[in-house]
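Peer 1: Quick one: structure below, then a few questions.
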Amino acid sequence: MGTTVVPKKKRLQGDNEKIHFHSWNDGPFGIGLPTRSEGKSHTGLNIFNLPLTMSSPEIASLSWGRMTVKGCSTTYKDCKVWPGGSRTWDWRETGTDHVSGVQPADVEEVVQKGAKTLVIGRGMSEALQVPSSTVDYLKKHGIDVLVLQTEKAVKEYNNLASKGVKVGGVFHSTC
């Protein structure tokens with residue numbers, strides 16, 4: 001029996017939804033089975049109901065108003081990342097702004113997706129506030145938290161991800 005190799009960054013189109021493979025699962029019989037993500041959120045879907053070891057995706061690039069995540073074709077202005085996935089961080093979902101800052105609801109999704117450490121990027125000029133209620137929420141859930149200027153935050157996030165830490169993050173890429 002032959003072995004089928006599926007390209008790591010294969011993108012499929014179906015039902016008007018983008019599907020991105022974001023990580024791999026070592027499946028039965030030594031066959032690498034892709035996990036996939038559907039819709040706006042790039043997250044692993046275990047189609048065979050097998051245990052997955054999801055790694056945190058590397059942030060591939062950062063510049064003013066632009067971020068990319070390895071394995072994802074989307075360019076983000078602000079983004080959320082977690083073990084196995086990423087998506088746009090839309091501040092309108094929670095009423096976030098620079099003054100009220102990062103809300104517990106902004107980080108809740110990243111925690112629920114398995115992050116044990118969370119890195120918050122406050123922007124290039126650190127204009128985005130992080131209230132104590134958000135830090136308290138993370139600590140209450142046993143999450144280590146780092147609050148940094150975005151360039152430093154991305155560097156630290158990638159460092160932790162490269163060491164296999166289940167790290168997540170929310171990153172603001174402008175002011």
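A note on labels: chains of the structure tokens are A, B, ... as shown, every chain counts residues from 1, and ligands are counted from 1 in their shown order.
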Determine, counting only C-alpha atoms, which protein, DNA and RNA residues have an atom within 12 Å of an atom of region 61-68 of chain A; residues of the same chain fewer than 2 positions away are not included. Present the result as an MDAnalysis selection string.

Peer 2: chainID A and resid 57:59 70:81 86:89 121 123:125 150:155 158 170:175

Peer 1: For the selection you just gave me, I'd like the residues written to a file as a short mmCIF file (atom, residue, chain, number, x, y, z; two decimals), in the first residue's frame, keeping N, CA and C atoms.

Peer 2:
```cif
data_model
loop_
_atom_site.label_atom_id
_atom_site.label_comp_id
_atom_site.auth_asym_id
_atom_site.auth_seq_id
_atom_site.Cartn_x
_atom_site.Cartn_y
_atom_site.Cartn_z
N PRO A 57 0.88 28.45 16.79
CA PRO A 57 1.48 28.84 15.51
C PRO A 57 2.42 30.03 15.66
N GLU A 58 3.46 30.04 14.87
CA GLU A 58 4.43 31.14 14.88
C GLU A 58 3.83 32.38 14.24
N ILE A 59 4.10 33.54 14.81
CA ILE A 59 3.74 34.78 14.14
C ILE A 59 4.87 35.05 13.15
N LYS A 70 2.07 31.98 10.62
CA LYS A 70 2.55 30.88 9.79
C LYS A 70 1.43 29.85 9.61
N GLY A 71 1.25 29.43 8.37
CA GLY A 71 0.23 28.43 8.08
C GLY A 71 -1.14 29.00 7.78
N CYS A 72 -1.27 30.32 7.78
CA CYS A 72 -2.56 30.98 7.54
C CYS A 72 -2.38 32.05 6.48
N SER A 73 -3.25 32.10 5.51
CA SER A 73 -3.13 33.06 4.42
C SER A 73 -3.71 34.43 4.75
N THR A 74 -4.38 34.56 5.88
CA THR A 74 -5.01 35.82 6.28
C THR A 74 -3.96 36.80 6.81
N THR A 75 -4.10 38.07 6.44
CA THR A 75 -3.30 39.14 7.04
C THR A 75 -4.19 39.84 8.06
N TYR A 76 -3.69 39.98 9.27
CA TYR A 76 -4.46 40.58 10.36
C TYR A 76 -3.97 41.99 10.67
N LYS A 77 -4.88 42.83 11.17
CA LYS A 77 -4.49 44.10 11.79
C LYS A 77 -4.24 43.81 13.27
N ASP A 78 -5.21 43.25 13.91
CA ASP A 78 -5.09 42.78 15.30
C ASP A 78 -5.48 41.31 15.27
N CYS A 79 -4.80 40.49 16.06
CA CYS A 79 -5.14 39.07 16.00
C CYS A 79 -5.08 38.39 17.35
N LYS A 80 -5.77 37.26 17.41
CA LYS A 80 -5.74 36.33 18.53
C LYS A 80 -5.08 35.05 18.01
N VAL A 81 -4.20 34.47 18.81
CA VAL A 81 -3.60 33.19 18.46
C VAL A 81 -3.67 32.27 19.68
N SER A 86 -5.70 30.69 14.91
CA SER A 86 -5.65 32.15 14.97
C SER A 86 -6.88 32.72 14.30
N ARG A 87 -7.18 33.98 14.63
CA ARG A 87 -8.25 34.68 13.95
C ARG A 87 -8.10 36.17 14.18
N THR A 88 -8.87 36.95 13.44
CA THR A 88 -8.90 38.39 13.63
C THR A 88 -9.42 38.72 15.03
N TRP A 89 -8.78 39.69 15.68
CA TRP A 89 -9.27 40.19 16.96
C TRP A 89 -10.10 41.43 16.63
N GLY A 121 -0.09 42.00 23.45
CA GLY A 121 0.65 43.05 22.78
C GLY A 121 -0.16 44.33 22.80
N GLY A 123 0.35 47.26 21.50
CA GLY A 123 0.49 48.18 20.39
C GLY A 123 1.93 48.65 20.28
N MET A 124 2.24 49.26 19.15
CA MET A 124 3.61 49.71 18.89
C MET A 124 4.03 50.82 19.84
N SER A 125 3.08 51.67 20.23
CA SER A 125 3.37 52.76 21.19
C SER A 125 2.74 52.50 22.55
N THR A 150 4.01 45.55 21.52
CA THR A 150 3.70 44.49 20.57
C THR A 150 4.93 43.83 19.94
N GLU A 151 5.93 44.59 19.53
CA GLU A 151 7.11 43.95 18.94
C GLU A 151 7.78 43.01 19.94
N LYS A 152 7.90 43.45 21.18
CA LYS A 152 8.48 42.60 22.23
C LYS A 152 7.56 41.42 22.53
N ALA A 153 6.25 41.66 22.50
CA ALA A 153 5.27 40.60 22.77
C ALA A 153 5.36 39.49 21.72
N VAL A 154 5.46 39.87 20.45
CA VAL A 154 5.56 38.89 19.37
C VAL A 154 6.84 38.07 19.52
N LYS A 155 7.94 38.75 19.82
CA LYS A 155 9.22 38.05 20.01
C LYS A 155 9.11 37.04 21.16
N ASN A 158 6.72 34.08 20.16
CA ASN A 158 7.40 33.13 19.27
C ASN A 158 8.45 32.31 20.00
N VAL A 170 -3.02 37.96 22.30
CA VAL A 170 -3.84 38.96 21.63
C VAL A 170 -2.90 40.10 21.32
N PHE A 171 -2.89 40.52 20.05
CA PHE A 171 -1.88 41.49 19.60
C PHE A 171 -2.53 42.63 18.84
N HIS A 172 -2.19 43.85 19.24
CA HIS A 172 -2.62 45.08 18.57
C HIS A 172 -1.43 45.57 17.77
N SER A 173 -1.60 45.78 16.45
CA SER A 173 -0.44 46.06 15.61
C SER A 173 -0.26 47.52 15.21
N THR A 174 -1.09 48.41 15.74
CA THR A 174 -0.86 49.83 15.45
C THR A 174 -0.48 50.54 16.75
N CYS A 175 -1.02 51.71 16.99
CA CYS A 175 -0.61 52.53 18.13
C CYS A 175 -0.61 51.78 19.43
#
```

Peer 1: Which is closest to Tyr157 (chain A) among A:Val119, A:Asp136, A:Ile143, A:Asp97, if we use only C-alpha atoms?

Peer 2: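 Smallest separation from Tyr157 (chain A) among the options: A:Val119.
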